[in-house]
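A.B. asks: For reference, the structure I am asking about is given below.
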Amino acid sequence: MGRVPTVDEWVARLSARDARAREEAQEALEEALGSGEAESRERTAWALIQELGRPGTAAASPILFLLQRGWWPPQASLTGSAVQAVLSMLPRMEAGSADLEHAALVLTLVCRVDASQLSALEGAFAHPHPSVRSAMARVVGRLGQDALPALPWVLALLDDEESVAISALESLGSLAVLAPDVAAPRLLEQVRRTDGVRLYLALVSLRGLLEELLLEERAVPSLVGLEPALLRALDEPEPPIRQESVSLLGLLGPVSPVALAALRDRLRDESPFVAAGAAVALLGLGESSAEPLFLLKGQLGLASSPEVQEAALSALMSVDPARLRRAKGMLESVVGDTSGATRVTLDDLLASLD
């Protein structure tokens, strides 16, 4: 039996030309990094961090993969060195690459055990390379309560180029319920002035925030101008945007006659998901017309395709049962004509309305 390589030797093999040697090194280091022996774990992590921070290293990709996969919890004594090593690598990474995602995950792990390291990231939010700014936004969005001091840095990135702004918007959505008075106006601003992916993400985040606040019976921030912004979004060509818009209108209540008319128009939307969402929104708003119930009943019927049935079920399941009491009679009338998963879901819905 030959001599077992040292940790440093395994690390050196991560950049070997031979693929088998690289695989063996990665397996050995992953085992050492996740072992129960504190000394072995720390020695392995330190060797990986040192190599990651070495100028010209060819092993950045496997090291970042190993650290984000198996380094938990990071040793407090190594968090500062890890942050500096990762930050030194970020400018060389391509936007959207696996390496960039792994780097963001490593920084997230570090900041979860040592929140003080978050301050070391502040300068990276203004880094000239957009991939670095994007990664920083993603880190903050994953830290929960500890990330609130960094929320202003994320807000500043909402006006950045598209890829960075999208990461910032996703993180703002993740943190919104922790700071609704700050997040809600900025999400509303995005709904008013963006389109495409950014508009969709803003709508999703705003809906998630309002649903959470209503569920917890917390005060909803003032959102002056949201209704006209949603009416504008109802004319967007992308069905998911229209679907989020009708759902949000259903949460607002009361809405204007113009909004009610717009929701009734969407009962005839080409997308069954938008149409079903509009029907449920109208029911939640207390709409007296039988048209929403008629639409949902038709979508749930045996003659409808699985996709159309799914649209109705998805819309019905997405809202508080208390807002769907007017649909109880309709659900009872169709449940006997359904079978399989649709029948099970309808039975569950009816039970929630009792």
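Within each chain, counting starts at residue 1; across the structure tokens, chains are named A, B, ... in the order shown, with ligands numbered 1 upward in that order.
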Find the residues around Ala279 (chain A) up to 12 Å (only C-alpha atoms counted), leave out those fewer than 5 positions away in its own chain, and share them as a PyMOL selection string.
C.D. replies: chain A and resi 243+246-247+249-250+260-269+272-274+284-299+311-316+319+323-324+326-327
A.B. asks: Got time to write the residues from that selection, N, CA and C atoms, as a CSV table (one decimal), in the first residue's frame?
C.D. replies:
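Output saved as again26.csv:
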```csv
chain,number,residue,atom,x,y,z
A,243,GLN,N,-51.2,36.9,-15.6
A,243,GLN,CA,-51.7,36.1,-14.5
A,243,GLN,C,-51.4,36.7,-13.2
A,246,VAL,N,-53.7,39.8,-12.5
A,246,VAL,CA,-55.1,39.5,-12.1
A,246,VAL,C,-55.0,39.0,-10.6
A,247,SER,N,-54.0,38.3,-10.3
A,247,SER,CA,-54.0,37.8,-8.9
A,247,SER,C,-53.8,38.9,-7.9
A,249,LEU,N,-54.6,42.1,-8.4
A,249,LEU,CA,-55.9,42.8,-8.3
A,249,LEU,C,-56.9,42.2,-7.4
A,250,GLY,N,-56.9,40.9,-7.3
A,250,GLY,CA,-57.8,40.2,-6.4
A,250,GLY,C,-57.4,40.3,-5.0
A,260,LEU,N,-62.6,46.1,-12.1
A,260,LEU,CA,-63.6,45.0,-12.2
A,260,LEU,C,-63.9,44.7,-13.6
A,261,ALA,N,-64.1,45.7,-14.4
A,261,ALA,CA,-64.4,45.5,-15.8
A,261,ALA,C,-63.2,44.8,-16.5
A,262,ALA,N,-62.0,45.2,-16.2
A,262,ALA,CA,-60.8,44.6,-16.8
A,262,ALA,C,-60.7,43.2,-16.4
A,263,LEU,N,-61.0,42.8,-15.2
A,263,LEU,CA,-60.9,41.4,-14.7
A,263,LEU,C,-62.0,40.6,-15.5
A,264,ARG,N,-63.2,41.2,-15.7
A,264,ARG,CA,-64.2,40.5,-16.4
A,264,ARG,C,-63.8,40.2,-17.9
A,265,ASP,N,-63.1,41.2,-18.4
A,265,ASP,CA,-62.6,41.0,-19.8
A,265,ASP,C,-61.6,39.9,-19.8
A,266,ARG,N,-60.8,39.7,-18.8
A,266,ARG,CA,-59.8,38.6,-18.8
A,266,ARG,C,-60.4,37.3,-18.6
A,267,LEU,N,-61.6,37.2,-18.3
A,267,LEU,CA,-62.3,35.9,-18.2
A,267,LEU,C,-62.2,35.2,-19.6
A,268,ARG,N,-62.0,36.0,-20.6
A,268,ARG,CA,-62.0,35.5,-22.0
A,268,ARG,C,-60.5,35.5,-22.5
A,269,ASP,N,-59.6,35.6,-21.6
A,269,ASP,CA,-58.2,35.6,-22.0
A,269,ASP,C,-57.8,34.3,-22.7
A,272,PRO,N,-55.7,29.9,-20.3
A,272,PRO,CA,-56.7,29.4,-19.3
A,272,PRO,C,-56.2,29.8,-17.9
A,273,PHE,N,-54.9,30.0,-17.7
A,273,PHE,CA,-54.4,30.3,-16.4
A,273,PHE,C,-54.8,31.8,-16.0
A,274,VAL,N,-54.7,32.7,-17.0
A,274,VAL,CA,-55.1,34.0,-16.8
A,274,VAL,C,-56.6,34.1,-16.5
A,284,GLY,N,-63.0,36.6,-5.1
A,284,GLY,CA,-62.4,37.2,-3.8
A,284,GLY,C,-62.8,38.6,-3.6
A,285,LEU,N,-63.1,39.3,-4.6
A,285,LEU,CA,-63.5,40.7,-4.5
A,285,LEU,C,-65.1,40.8,-4.3
A,286,GLY,N,-65.8,39.7,-4.2
A,286,GLY,CA,-67.2,39.7,-4.0
A,286,GLY,C,-68.0,40.0,-5.2
A,287,GLU,N,-67.5,39.8,-6.4
A,287,GLU,CA,-68.2,40.0,-7.6
A,287,GLU,C,-69.5,39.2,-7.6
A,288,SER,N,-70.6,39.8,-7.9
A,288,SER,CA,-71.9,39.2,-7.8
A,288,SER,C,-72.3,38.4,-9.1
A,289,SER,N,-71.6,38.7,-10.2
A,289,SER,CA,-72.0,38.0,-11.4
A,289,SER,C,-71.7,36.5,-11.4
A,290,ALA,N,-72.5,35.7,-12.1
A,290,ALA,CA,-72.3,34.3,-12.1
A,290,ALA,C,-71.2,33.9,-13.1
A,291,GLU,N,-70.7,34.8,-13.9
A,291,GLU,CA,-69.7,34.5,-14.9
A,291,GLU,C,-68.4,33.9,-14.4
A,292,PRO,N,-67.8,34.4,-13.3
A,292,PRO,CA,-66.6,33.7,-12.8
A,292,PRO,C,-66.9,32.2,-12.5
A,293,LEU,N,-68.0,32.0,-11.8
A,293,LEU,CA,-68.3,30.6,-11.4
A,293,LEU,C,-68.5,29.7,-12.6
A,294,PHE,N,-69.2,30.3,-13.6
A,294,PHE,CA,-69.5,29.5,-14.8
A,294,PHE,C,-68.2,29.2,-15.5
A,295,LEU,N,-67.2,30.1,-15.6
A,295,LEU,CA,-66.0,29.8,-16.2
A,295,LEU,C,-65.2,28.7,-15.5
A,296,LEU,N,-65.1,28.8,-14.2
A,296,LEU,CA,-64.4,27.8,-13.4
A,296,LEU,C,-65.0,26.4,-13.6
A,297,LYS,N,-66.4,26.4,-13.5
A,297,LYS,CA,-67.1,25.1,-13.7
A,297,LYS,C,-66.8,24.5,-15.0
A,298,GLY,N,-66.8,25.3,-16.0
A,298,GLY,CA,-66.4,24.8,-17.4
A,298,GLY,C,-65.0,24.3,-17.4
A,299,GLN,N,-64.1,25.0,-16.8
A,299,GLN,CA,-62.7,24.5,-16.8
A,299,GLN,C,-62.5,23.2,-16.1
A,311,ALA,N,-55.3,24.7,-14.7
A,311,ALA,CA,-55.4,26.2,-14.6
A,311,ALA,C,-56.4,26.5,-13.5
A,312,ALA,N,-57.6,25.9,-13.6
A,312,ALA,CA,-58.6,26.2,-12.6
A,312,ALA,C,-58.2,25.8,-11.2
A,313,LEU,N,-57.7,24.6,-11.1
A,313,LEU,CA,-57.2,24.1,-9.7
A,313,LEU,C,-56.1,25.0,-9.1
A,314,SER,N,-55.2,25.3,-10.0
A,314,SER,CA,-54.1,26.2,-9.5
A,314,SER,C,-54.6,27.5,-9.0
A,315,ALA,N,-55.5,28.1,-9.7
A,315,ALA,CA,-56.1,29.4,-9.3
A,315,ALA,C,-56.8,29.3,-8.0
A,316,LEU,N,-57.6,28.2,-7.9
A,316,LEU,CA,-58.4,28.0,-6.7
A,316,LEU,C,-57.6,27.8,-5.4
A,319,VAL,N,-55.3,30.9,-3.3
A,319,VAL,CA,-55.8,32.0,-2.5
A,319,VAL,C,-56.4,31.4,-1.2
A,323,ARG,N,-61.7,33.5,1.0
A,323,ARG,CA,-62.1,34.3,-0.1
A,323,ARG,C,-62.8,33.6,-1.2
A,324,LEU,N,-63.0,32.3,-1.0
A,324,LEU,CA,-63.6,31.4,-2.0
A,324,LEU,C,-64.9,30.8,-1.6
A,326,ARG,N,-67.8,31.7,-1.9
A,326,ARG,CA,-68.9,31.8,-2.9
A,326,ARG,C,-68.7,30.7,-4.0
A,327,ALA,N,-67.6,30.0,-4.0
A,327,ALA,CA,-67.4,29.0,-5.0
A,327,ALA,C,-67.8,27.6,-4.5
```
A.B. asks: Can you measure CA of Thr345 (chain A) to CA of Ser305 (chain A) for me? One decimal in Å is fine.
C.D. replies: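 Distance reported for this atom pair: 16.2 Å.
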A.B. asks: Set out as a Markdown table a contact list for region 224-333 of chain A and region 205-213 of chain A with a cut-off of 10 Å, giving each residue of region 224-333 of chain A that qualifies its closest atom pair and distance in Å to one decimal, counting only C-alpha atoms, ordered by chain and rising residue number.
C.D. replies:
```
| residue | atom | partner | partner_atom | distance |
| --- | --- | --- | --- | --- |
| A:Glu244 | CA | A:Arg207 | CA | 7.6 |
| A:Ser245 | CA | A:Arg207 | CA | 8.8 |
| A:Ser247 | CA | A:Arg207 | CA | 7.6 |
| A:Leu248 | CA | A:Arg207 | CA | 5.8 |
| A:Leu249 | CA | A:Arg207 | CA | 9.5 |
| A:Leu251 | CA | A:Leu210 | CA | 7.5 |
| A:Leu252 | CA | A:Leu210 | CA | 8.7 |
| A:Ser318 | CA | A:Glu211 | CA | 9.9 |
| A:Val319 | CA | A:Glu211 | CA | 8.5 |
| A:Asp320 | CA | A:Glu211 | CA | 8.8 |
```
A.B. asks: Would you export the selected residues with all heavy atoms as a CSV table (one decimal), in the first residue's frame, please?
C.D. replies:
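In the end it all went to selection-v3.csv:
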```csv
chain,number,residue,atom,x,y,z
A,244,GLU,N,-50.1,37.1,-13.0
A,244,GLU,CA,-49.7,37.8,-11.8
A,244,GLU,C,-50.5,39.0,-11.5
A,244,GLU,O,-50.9,39.4,-10.4
A,244,GLU,CB,-48.2,38.1,-11.8
A,244,GLU,CG,-47.4,36.9,-11.7
A,244,GLU,CD,-47.5,36.1,-10.4
A,244,GLU,OE1,-47.8,36.7,-9.4
A,244,GLU,OE2,-47.4,34.9,-10.4
A,245,SER,N,-50.8,39.8,-12.6
A,245,SER,CA,-51.6,41.0,-12.5
A,245,SER,C,-53.0,40.8,-12.0
A,245,SER,O,-53.5,41.5,-11.1
A,245,SER,CB,-51.6,41.8,-13.8
A,245,SER,OG,-50.3,42.1,-14.2
A,247,SER,N,-54.0,38.3,-10.3
A,247,SER,CA,-54.0,37.8,-8.9
A,247,SER,C,-53.8,38.9,-7.9
A,247,SER,O,-54.4,39.0,-6.8
A,247,SER,CB,-52.8,36.8,-8.8
A,247,SER,OG,-53.0,35.6,-9.6
A,248,LEU,N,-52.9,39.9,-8.3
A,248,LEU,CA,-52.7,41.0,-7.4
A,248,LEU,C,-53.9,41.9,-7.3
A,248,LEU,O,-54.3,42.4,-6.2
A,248,LEU,CB,-51.5,41.8,-7.9
A,248,LEU,CG,-50.2,41.5,-7.3
A,248,LEU,CD1,-49.0,42.2,-8.1
A,248,LEU,CD2,-50.1,42.0,-5.9
A,249,LEU,N,-54.6,42.1,-8.4
A,249,LEU,CA,-55.9,42.8,-8.3
A,249,LEU,C,-56.9,42.2,-7.4
A,249,LEU,O,-57.6,42.9,-6.6
A,249,LEU,CB,-56.5,43.0,-9.7
A,249,LEU,CG,-55.8,44.0,-10.6
A,249,LEU,CD1,-56.4,43.9,-12.1
A,249,LEU,CD2,-56.1,45.4,-10.1
A,251,LEU,N,-56.1,40.6,-4.7
A,251,LEU,CA,-55.7,40.8,-3.3
A,251,LEU,C,-55.9,42.2,-2.8
A,251,LEU,O,-56.0,42.5,-1.6
A,251,LEU,CB,-54.2,40.5,-3.2
A,251,LEU,CG,-53.7,39.1,-3.3
A,251,LEU,CD1,-52.2,39.0,-3.3
A,251,LEU,CD2,-54.2,38.3,-2.1
A,252,LEU,N,-56.1,43.2,-3.8
A,252,LEU,CA,-56.1,44.6,-3.4
A,252,LEU,C,-57.4,44.9,-2.6
A,252,LEU,O,-57.4,45.3,-1.4
A,252,LEU,CB,-56.0,45.5,-4.6
A,252,LEU,CG,-54.7,45.6,-5.3
A,252,LEU,CD1,-54.7,46.6,-6.4
A,252,LEU,CD2,-53.6,45.9,-4.3
A,318,SER,N,-54.6,28.8,-4.9
A,318,SER,CA,-53.6,29.9,-4.7
A,318,SER,C,-54.0,31.0,-3.7
A,318,SER,O,-53.3,31.9,-3.4
A,318,SER,CB,-53.1,30.5,-6.0
A,318,SER,OG,-54.2,31.3,-6.6
A,319,VAL,N,-55.3,30.9,-3.3
A,319,VAL,CA,-55.8,32.0,-2.5
A,319,VAL,C,-56.4,31.4,-1.2
A,319,VAL,O,-56.7,30.3,-1.0
A,319,VAL,CB,-56.9,32.8,-3.2
A,319,VAL,CG1,-56.4,33.5,-4.4
A,319,VAL,CG2,-58.1,31.9,-3.6
A,320,ASP,N,-56.6,32.4,-0.2
A,320,ASP,CA,-57.1,32.0,1.1
A,320,ASP,C,-58.5,31.4,0.9
A,320,ASP,O,-59.4,32.0,0.2
A,320,ASP,CB,-57.2,33.3,1.9
A,320,ASP,CG,-57.7,33.0,3.3
A,320,ASP,OD1,-58.1,31.9,3.6
A,320,ASP,OD2,-57.7,34.0,4.1
```
A.B. asks: Please identify the alpha helix (DSSP H) residues within region 263-350 of chain A (assignment by DSSP from backbone atoms) and present them as a PyMOL selection string.
C.D. replies: chain A and resi 263-266+272-284+291-300+306-317+328-335+340-350
A.B. asks: Give me the residues near Ala179 (chain A) as a ChimeraX atom specification, where near means some atom within 10 Å (using only C-alpha atoms) and where sequence neighbours in that chain fewer than 6 positions away do not count.
C.D. replies: /A:145,148,151,172,209
A.B. asks: Once you have the residues from the selection above, write them out as a PDB file, in the first residue's frame, restricted to N, CA and C atoms.
C.D. replies:
```
ATOM      1  N   GLN A 145     -32.699  37.825   7.942  1.00  0.00           N
ATOM      2  CA  GLN A 145     -32.650  38.972   8.841  1.00  0.00           C
ATOM      3  C   GLN A 145     -31.275  39.628   8.894  1.00  0.00           C
ATOM      4  N   LEU A 148     -30.431  42.639   6.391  1.00  0.00           N
ATOM      5  CA  LEU A 148     -31.128  43.932   6.337  1.00  0.00           C
ATOM      6  C   LEU A 148     -30.183  45.134   6.308  1.00  0.00           C
ATOM      7  N   LEU A 151     -29.478  45.919   2.751  1.00  0.00           N
ATOM      8  CA  LEU A 151     -30.592  46.132   1.830  1.00  0.00           C
ATOM      9  C   LEU A 151     -30.414  47.391   0.976  1.00  0.00           C
ATOM     10  N   LEU A 172     -34.492  41.327  -3.380  1.00  0.00           N
ATOM     11  CA  LEU A 172     -35.452  42.202  -2.721  1.00  0.00           C
ATOM     12  C   LEU A 172     -36.745  41.449  -2.424  1.00  0.00           C
ATOM     13  N   LEU A 209     -45.384  39.214  -1.084  1.00  0.00           N
ATOM     14  CA  LEU A 209     -45.344  40.084   0.091  1.00  0.00           C
ATOM     15  C   LEU A 209     -46.743  40.336   0.633  1.00  0.00           C
TER      16      LEU A 209
END
```
A.B. asks: For each of A:Ser88, A:Ser304, A:Ala276, A:Leu349, take the minimum atom-to-atom distance to Ala322 (chain A), counting only C-alpha atoms, then give the residue where this is smallest.
C.D. replies: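 Among the listed residues, A:Leu349 lies closest to Ala322 (chain A).
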